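Visitor: Attaching a single structure in structure tokens format; questions to follow.
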Amino acid sequence: MMSESSRRIRIRNASLVVAAALVATTACGAEIGSASESSGGASGVSATGRPVITAAMYPLQWLAEQVGGPDVTVTGLTKPGVEPHDLELSPLQVAGLQETRLVVYIKGIQPAVDEAVEQHAADRSFEVASSVPTLPAAGEEGHEGEEEHGHEEIGYDPHLWLDPARFATVATRLGERLAAVDPAHAQDYRERSAGTAAGLTALGDELARGLTTCSSRAIVTSHAAFGYLANRYGLHQVGISGIDPEAEPSPARLAEVAKVAKQEKVTTIFTETLVSPKVAEVLAQEVGAKTAVLDPVESQPANGDYPSAMRRNLEVLQSALSCS
């Protein structure tokens, strides 16, 4: 005959098994629900009935949200705080690409996204770099190690969002693509894209005014992400490493950057939020400079958004370059 103590233990164990099953079922259901909301199911719409737009990384996500407004559901492939160059997609994210209405991406900066789009969403994609004039990638210096990180040799610099004027053109083109995807709200997309483009143009003018009177024009950066910004505002970018922030610069490259920094009387070496500052800090110590963060806006800022991050960059540059 079972004792009262044994009966209580068996009942308690049975309750734990049931509870665990309920938790597993709930978690699975939550994941499925999240996937349905982001991927939109076979129709390419979210649970709210809006077209699902997938953005590869933060600046494109911000732009899609501005232009798409309340008429779309925007989902990002790169989580905040994740270095986008080395993004690996989960099976759930790849499955979502097969059902999204439009993928917004820049070819060459995220190899995993390039491959997934080519295989699953080639006919439902907006490749941003094809919509604006691009700049050549940084010179061969500082590119050691990029091939082993899997970056495709595309021949251009993909960091085009750091020029607000170019990004304004992208906003206009995105508005047209969304109008084609969702004709019922075409006029709304075009109006929002025009407003977004106007705001970006004004932001670019603000940067131009703020960087006109700088006594120094050279910026030494952790990696060569700021070519568009430098080109637009008459600065000279010297990247410690090339397009890939994880590429290790050679000793010869470090010596060359140090020489340029001394010749240009550089007072600040720029680091980034998502990249180790150690190499930049050693270089700064060698040339007698300080360090400061210059944000390539590759990930969502801890505070604010794309425009506020660009305005913080302006303030940092003005201080470092002695702008009056």
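We name chains A, B, ... following the order of the structure tokens; residues begin at 1 in each chain, and ligands are numbered from 1 as shown.
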Would you tabulate, counting only C-alpha atoms, all residues of stretch 151-197 of chain A that have an atom at most 8 Å from an atom of stretch 201-216 of chain A, showing the closest pair of atoms and their distance in Å to one decimal, sorted by chain then ascending number, as a tab-separated table?

Guide:
residue	atom	partner	partner_atom	distance
A:Asp163	CA	A:Gly204	CA	7.2
A:Pro164	CA	A:Gly204	CA	5.1
A:Ala165	CA	A:Thr201	CA	5.4
A:Ala168	CA	A:Thr201	CA	6.3
A:Ala197	CA	A:Thr201	CA	6.1

Visitor: Can you list every residue in stretch 108-138 of chain A that DSSP puts in strand (DSSP E or B), as a ChimeraX atom specification?

Guide: /A:125-127,136

Visitor: Enumerate the residues of stretch 137-292 of chain A with a DSSP assignment of alpha helix (DSSP H), computed from the backbone, and present them as a PyMOL selection string.

Guide: chain A and resi 164-181+186-210+227-233+251-263+278-287

Visitor: What gap, in Å, lies between atom CA of A:Ala302 and atom CA of A:Pro245?

Guide: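 Computed distance, atom CA of A:Ala302 to atom CA of A:Pro245, equals 19.8 Å.
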
Visitor: Would you please work out which residue, of A:Ala309, A:Thr268, A:Leu160, A:Val52, is nearest to A:Lys290 when using only C-alpha atoms?

Guide: A:Thr268

Visitor: Name all residues at most 12 Å from A:Pro158 (count only C-alpha atoms; drop same-chain ones fewer than 4 positions away) and give them as a VMD selection string.

Guide: chain A and resid 85 105 to 110 127 to 130 132 to 138 151 to 154 162 to 163 166 to 167 224 to 228 242 to 244 296 298

Visitor: Near stretch 255-265 of chain A, counting only C-alpha atoms, which residues have an atom at most 9 Å away, once you skip same-chain residues fewer than 2 positions from it, shown as JSON, numbers by chain?

Guide: {"A": [216, 217, 218, 219, 220, 238, 239, 240, 250, 251, 252, 253, 267, 269, 283, 284, 286, 287, 288, 289]}

Visitor: Could you give me, as a PyMOL selection string, the residues within 10 Å of A:Leu89, counting only C-alpha atoms and dropping anything in the same chain fewer than 2 positions from it?

Guide: chain A and resi 77-78+86-87+91-95+112-113+116

Visitor: Keeping only N, CA and C atoms, write the selected residues as a tab-separated table (two decimals), in the first residue's frame.

Guide:
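Here's the written file out39.tsv:
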chain	number	residue	atom	x	y	z
A	77	LEU	N	17.30	41.93	-39.78
A	77	LEU	CA	18.05	40.69	-39.66
A	77	LEU	C	19.18	40.78	-38.64
A	78	THR	N	19.67	42.00	-38.40
A	78	THR	CA	20.81	42.20	-37.49
A	78	THR	C	20.33	42.81	-36.19
A	86	ASP	N	29.76	40.27	-39.95
A	86	ASP	CA	29.92	38.83	-39.74
A	86	ASP	C	28.61	38.16	-39.32
A	87	LEU	N	27.49	38.74	-39.69
A	87	LEU	CA	26.19	38.17	-39.34
A	87	LEU	C	26.02	36.77	-39.91
A	91	PRO	N	18.12	29.54	-39.22
A	91	PRO	CA	17.17	28.91	-40.15
A	91	PRO	C	15.82	29.64	-40.19
A	92	LEU	N	15.40	30.18	-39.05
A	92	LEU	CA	14.13	30.91	-39.00
A	92	LEU	C	14.20	32.18	-39.85
A	93	GLN	N	15.35	32.87	-39.80
A	93	GLN	CA	15.51	34.09	-40.60
A	93	GLN	C	15.54	33.78	-42.09
A	94	VAL	N	16.23	32.69	-42.45
A	94	VAL	CA	16.27	32.30	-43.86
A	94	VAL	C	14.88	31.92	-44.36
A	95	ALA	N	14.14	31.20	-43.53
A	95	ALA	CA	12.77	30.85	-43.90
A	95	ALA	C	11.92	32.10	-44.09
A	112	ALA	N	26.41	36.50	-45.69
A	112	ALA	CA	25.33	35.55	-45.41
A	112	ALA	C	24.00	36.05	-45.97
A	113	VAL	N	23.78	37.35	-45.90
A	113	VAL	CA	22.56	37.94	-46.46
A	113	VAL	C	22.58	37.86	-47.98
A	116	ALA	N	21.70	34.31	-48.99
A	116	ALA	CA	20.30	33.97	-48.71
A	116	ALA	C	19.35	34.68	-49.67

Visitor: Which neighbours of A:Ala64 fall inside 8 Å, counting only C-alpha atoms, when residues of the same chain fewer than 6 positions from it are skipped, and could you give them as number ranges by chain?

Guide: A: 53, 55, 74, 174

Visitor: Print the selection's residues with N, CA and C atoms to a file, as a compact mmCIF listing (two decimals), in the first residue's frame.

Guide:
# COMPACT_ATOMS: atom_id res chain seq x y z
N ILE A 53 8.45 43.85 -44.66
CA ILE A 53 9.67 44.33 -45.30
C ILE A 53 10.84 43.92 -44.42
N ALA A 55 14.81 44.20 -43.52
CA ALA A 55 15.99 45.04 -43.71
C ALA A 55 17.21 44.31 -43.16
N VAL A 74 8.17 46.17 -40.53
CA VAL A 74 9.59 46.08 -40.84
C VAL A 74 10.28 45.18 -39.82
N LEU A 174 13.39 53.75 -52.61
CA LEU A 174 12.66 52.78 -51.77
C LEU A 174 11.17 53.07 -51.80

Visitor: Would you work out the distance separating atom CA of A:Glu83 from atom CA of A:Glu65, expressed in Å to one decimal?

Guide: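 Taking atom CA of A:Glu83 and atom CA of A:Glu65, their separation equals 20.9 Å.
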
Visitor: Report, in Å to a single decimal, how far apart atom CA of A:Arg124 and atom CA of A:Gly44 are.

Guide: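 Calculated distance between atom CA of A:Gly44 and atom CA of A:Arg124 is 10.6 Å.
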
Visitor: For A:Phe126, find every residue with an atom within 12 Å (counting only C-alpha atoms), except residues of its own chain fewer than 4 positions away, and show them as a count of residues only.

Guide: 30
